[in-house]
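Below: one structure, written as structure tokens.
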Amino acid sequence: MSVQGKAKRQDTPDAARRVEMLHAIERKLLWLSAWMIHHANHIRPNRDGLKVGGHQASCASSVSILTALYFSILRPADRVAVKPHAGPVFHAINYLFGRQERDKLSTLRAFHGIQPYPSRVKDGPEVDFSTGSVGLGVALASFGSLVQDYVHLHNLAPEGLPAGRHVAVVGDAELDEGNIYEALLEGWKHDIRNVWWVIDYNRQSLDSVVPDRLFGRIEGLFRDMGWNVVTIKYGRKLEAAFARPDGEHLRRWIDDCPNSLYAALTFQGGAAWRSAVLAELGRIPGIRAIIDPLTDDELGTLMTNLGGHDIETLTDAFRAQDAEGDQPTCFIAYTVKGMGLPFAGHKDNHSGLMTKEQMGSFRELMSIRPGHEWDLFEGLDIPEAELRDFIAAVPFAEKLTPEGRCLVSPTIPVPATFTAPKVGEGRKQSTQAAFGDILAEIGRGQGEFAELSKRIVTTSPDVTVSTNLGPWVNRRGIFDRHKKNDVFRDAKLASAQRWGMSPEGQHVELGIAEQNLFLVLAGLGLADRLYGARLLPIGTVYDPFVNRGLDALIYACYQDARFLLVSTPSGLTLAPEGGQHQSVNTPLIGMAADRLASFEPAHADELAILLRHAFDHMQKPDGSAVWLRLSTRGLEQPARALDPAAVIAGAHWVVPPAPGARIAIAYQGAVAPEAVAAFEELRSEEPTAGLLAITSPDRMHAEWLAARRGVRSGAPRLSHIETILAPLSRDAALVTVLDGHPAAHAWMGAVRGQRVVPLGVDRFGQAGDLPDLYREYGLDSDAILDACAEALLG
């Protein structure tokens, strides 16, 4: 659907003045964004000689779009993902709204300053969704709409808080990212509503001009997914030209003009446009009548009058769609990369910066006096008071709540303890099965679990059953905006799964796309701050496939989203499945990822402690997301009393060493039986040896680093790992083993200078049974004893 003719603006004096003020704001945003980047690169002292960078051209192509949205269309409850390279425009917008300090504008890309790309954590509450990892912010905006529906359909939203639209301003090159299409498909399955993607179609990426035929395919994909597509191609000046005699020839010529040629002519200017158009259309009388009266500058302005730079055309398009309802809509707004800047249209302008001389000319063009570059209304010919009143009256200027747009939700009480499932004598249990049992018990919603059970929402990329979420889903149901019966149940066909779908359900079923899993978890984990309702999300996934969604997982943590990730089964222990289903590096990911506390319990009693801790930690101001790495290997469950603090801190002695012991064995996760067997043999020769259960190398390593920083700053303290290792002699050896990469434990040798012999997996796995695989990869008791002998001899 083309926007022209869809909505008619009323040409009243008030409306005309409103457009003038929007143009003034557009001009101011162009100046501030360009100057912000220029200041960072050419004025602020540069101590290391590195290019600071910025994207003046990408900012310029989106200025009109963002002006129309923020100063005409958006409402306070709307949530926006701003394209990464338009970050300076976004900060300038908040400056006009009085939500950004003037002094901050000069700190773009500086330490503790404005971030290169909008960041929720580092730039403050006006950022709804961090953007920067291209494509992910776009998809998160869509899934945010799904989460908002969940909150409102479960009656969890604060009273009087309206639902908002989710808007993503997208660079066209972001549509090269595969996660975009995974999100589109998932959005179609979940019938997402109230979502706009506004594509800044400047037809240039970092390296090149976008191929001409590509967008026709992309438009078709949106339509196939149930989206409305609105093309905003031409502005009012070009539309008026097309309406003149023979004007349809000019329209056709521009329509057929290759992207690369259009970009080159834009950069060359009016004379080049005149030569190119007249070479092909010069014999058509009406074309000469349109072009001949125009100066070169006027002709250049006409030929680049695209819809994405025409405030009136943009606002008409947005308002018309606003009136249409809640169907997801893709706006394709044609723009020029670098519009209004000296390098507009040049294919190399992505990271281009204006020189000092170019900025001087641009300053004069914008009527900015030297020394007044940051002044709020400098260079505008509309009275300051009138502009202030206008900005204060636009819908987005209203406060969503007295505290602003970042909401606050009370914490959900968590029972003091979780009970590990009981298993009969001689029976074994895996941590994965124990997780399913504990969650199913919570799902009963009885007693102290009543409130907690209402706030848990689970999700999984088509591995709900195989990650033991089935009993929870049977009790709580699948979330869907529409009620759908379980056909098998209605037909009285036997099935372990009783999965009716309804708005009351508490499980979001996803297709096999791990990027979507982590983006949905990000949305659910931000519900307290975006929608005023705290949720406790749990996402399950096969451990090796965390890698497939790793970009989105890190992105979710960067947002400071709070969720529980349960990855299972893990390691070589998934023996017959072969190397592509066996994980090796995930313990290292857990250690490296910020704002993600990673654990790997071996037994159900440890899991119960850690699961309870996860629900509590996710809600703390200084908390984070939590990751539990679980296994399908059944183990005998020990009868013991554990110190929860030690389990949460990362390790506890199963058998404490005698003071001055020469050696200890430490295990993590499913290899516990092999470690125990080796330890029993070791004790015949080393009766003072200890046996250590490691539940989190991540937490121990993080606390040890923090303690080292404390020493350097004059606030020394002992970390948990230092306390744990203290009974061992200074020259003692520690033999460690886990079904994962041995580097997860190797660092412990640096704590007290003790020798560490780390055992683990450092190459791809293969199919087999546990005895063969553990022997081949050095995880069996013989390998552990050999390592002990090596360590003692060393």
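Labels used: A, B, ... for chains in the order of the structure tokens, numbers from 1 for residues in each chain, and numbers from 1 for ligands as shown.
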Write out as number ranges by chain which residues come within 6 Å of range 595-602 of chain A when counting only C-alpha atoms, dropping same-chain ones fewer than 5 positions away. A: 557, 590, 607, 624-629, 669-670, 695-696, 698
List the neighbours of Asp128 in chain A out to 7 Å using only C-alpha atoms; skip same-chain residues closer than 2 positions along the sequence, and give me the result as number ranges by chain. A: 79-81, 120, 126, 130
Do a neighbour search on Gly124 in chain A at 10 Å with only C-alpha atoms, toss out local chain neighbours closer than 5 positions, and write the hits as an NGL selection string. :A and (99-100 or 114 or 118-119 or 406)
For Arg763 in chain A, which residue among A:Ala15, A:Met700, A:Ala77, A:Val584 is the nearest when counting only C-alpha atoms?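 Closest to Arg763 in chain A, using only C-alpha atoms: A:Val584.
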Would you pick out the contacts of Glu239 in chain A at 10 Å or less, using only C-alpha atoms, so that residues sharing its chain but fewer than 3 positions from it are not included, and give the list as a list of chain:residue names?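 Those residues are A:Gln4, A:Lys233, A:Tyr234, A:Gly235, A:Arg236, A:Phe242, A:Ala243, A:Arg244, A:Gly247, A:Glu248, A:Arg251, A:Leu302, A:Asn305, A:Leu306, A:Gly307.
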Residues from the last selection, C-alpha atoms, saved as a CSV table (one decimal), in the first residue's frame:
chain,number,residue,atom,x,y,z
A,4,GLN,CA,-0.1,8.8,-1.0
A,233,LYS,CA,8.5,6.4,-1.2
A,234,TYR,CA,8.0,9.9,-2.4
A,235,GLY,CA,7.5,13.3,-0.6
A,236,ARG,CA,5.0,16.0,-1.5
A,242,PHE,CA,4.3,13.5,-10.9
A,243,ALA,CA,0.9,15.1,-11.0
A,244,ARG,CA,1.9,17.5,-13.7
A,247,GLY,CA,5.0,13.6,-14.7
A,248,GLU,CA,4.3,9.9,-14.8
A,251,ARG,CA,8.0,8.7,-11.6
A,302,LEU,CA,13.3,17.8,-5.8
A,305,ASN,CA,12.4,14.5,-1.9
A,306,LEU,CA,11.8,10.9,-0.7
A,307,GLY,CA,9.0,10.0,1.6
Minimum-distance residue to Pro657 in chain A, chosen among A:Thr632, A:Gln637, A:Ala732, A:Pro421 (using only C-alpha atoms):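 Counting only C-alpha atoms, the residue closest to Pro657 in chain A is A:Ala732.
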Which of these residues is nearest to Val546 in chain A, using only C-alpha atoms: A:Val566, A:Ala16, A:Ile290, A:Ile456?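 Closest residue, counting only C-alpha atoms: A:Val566.
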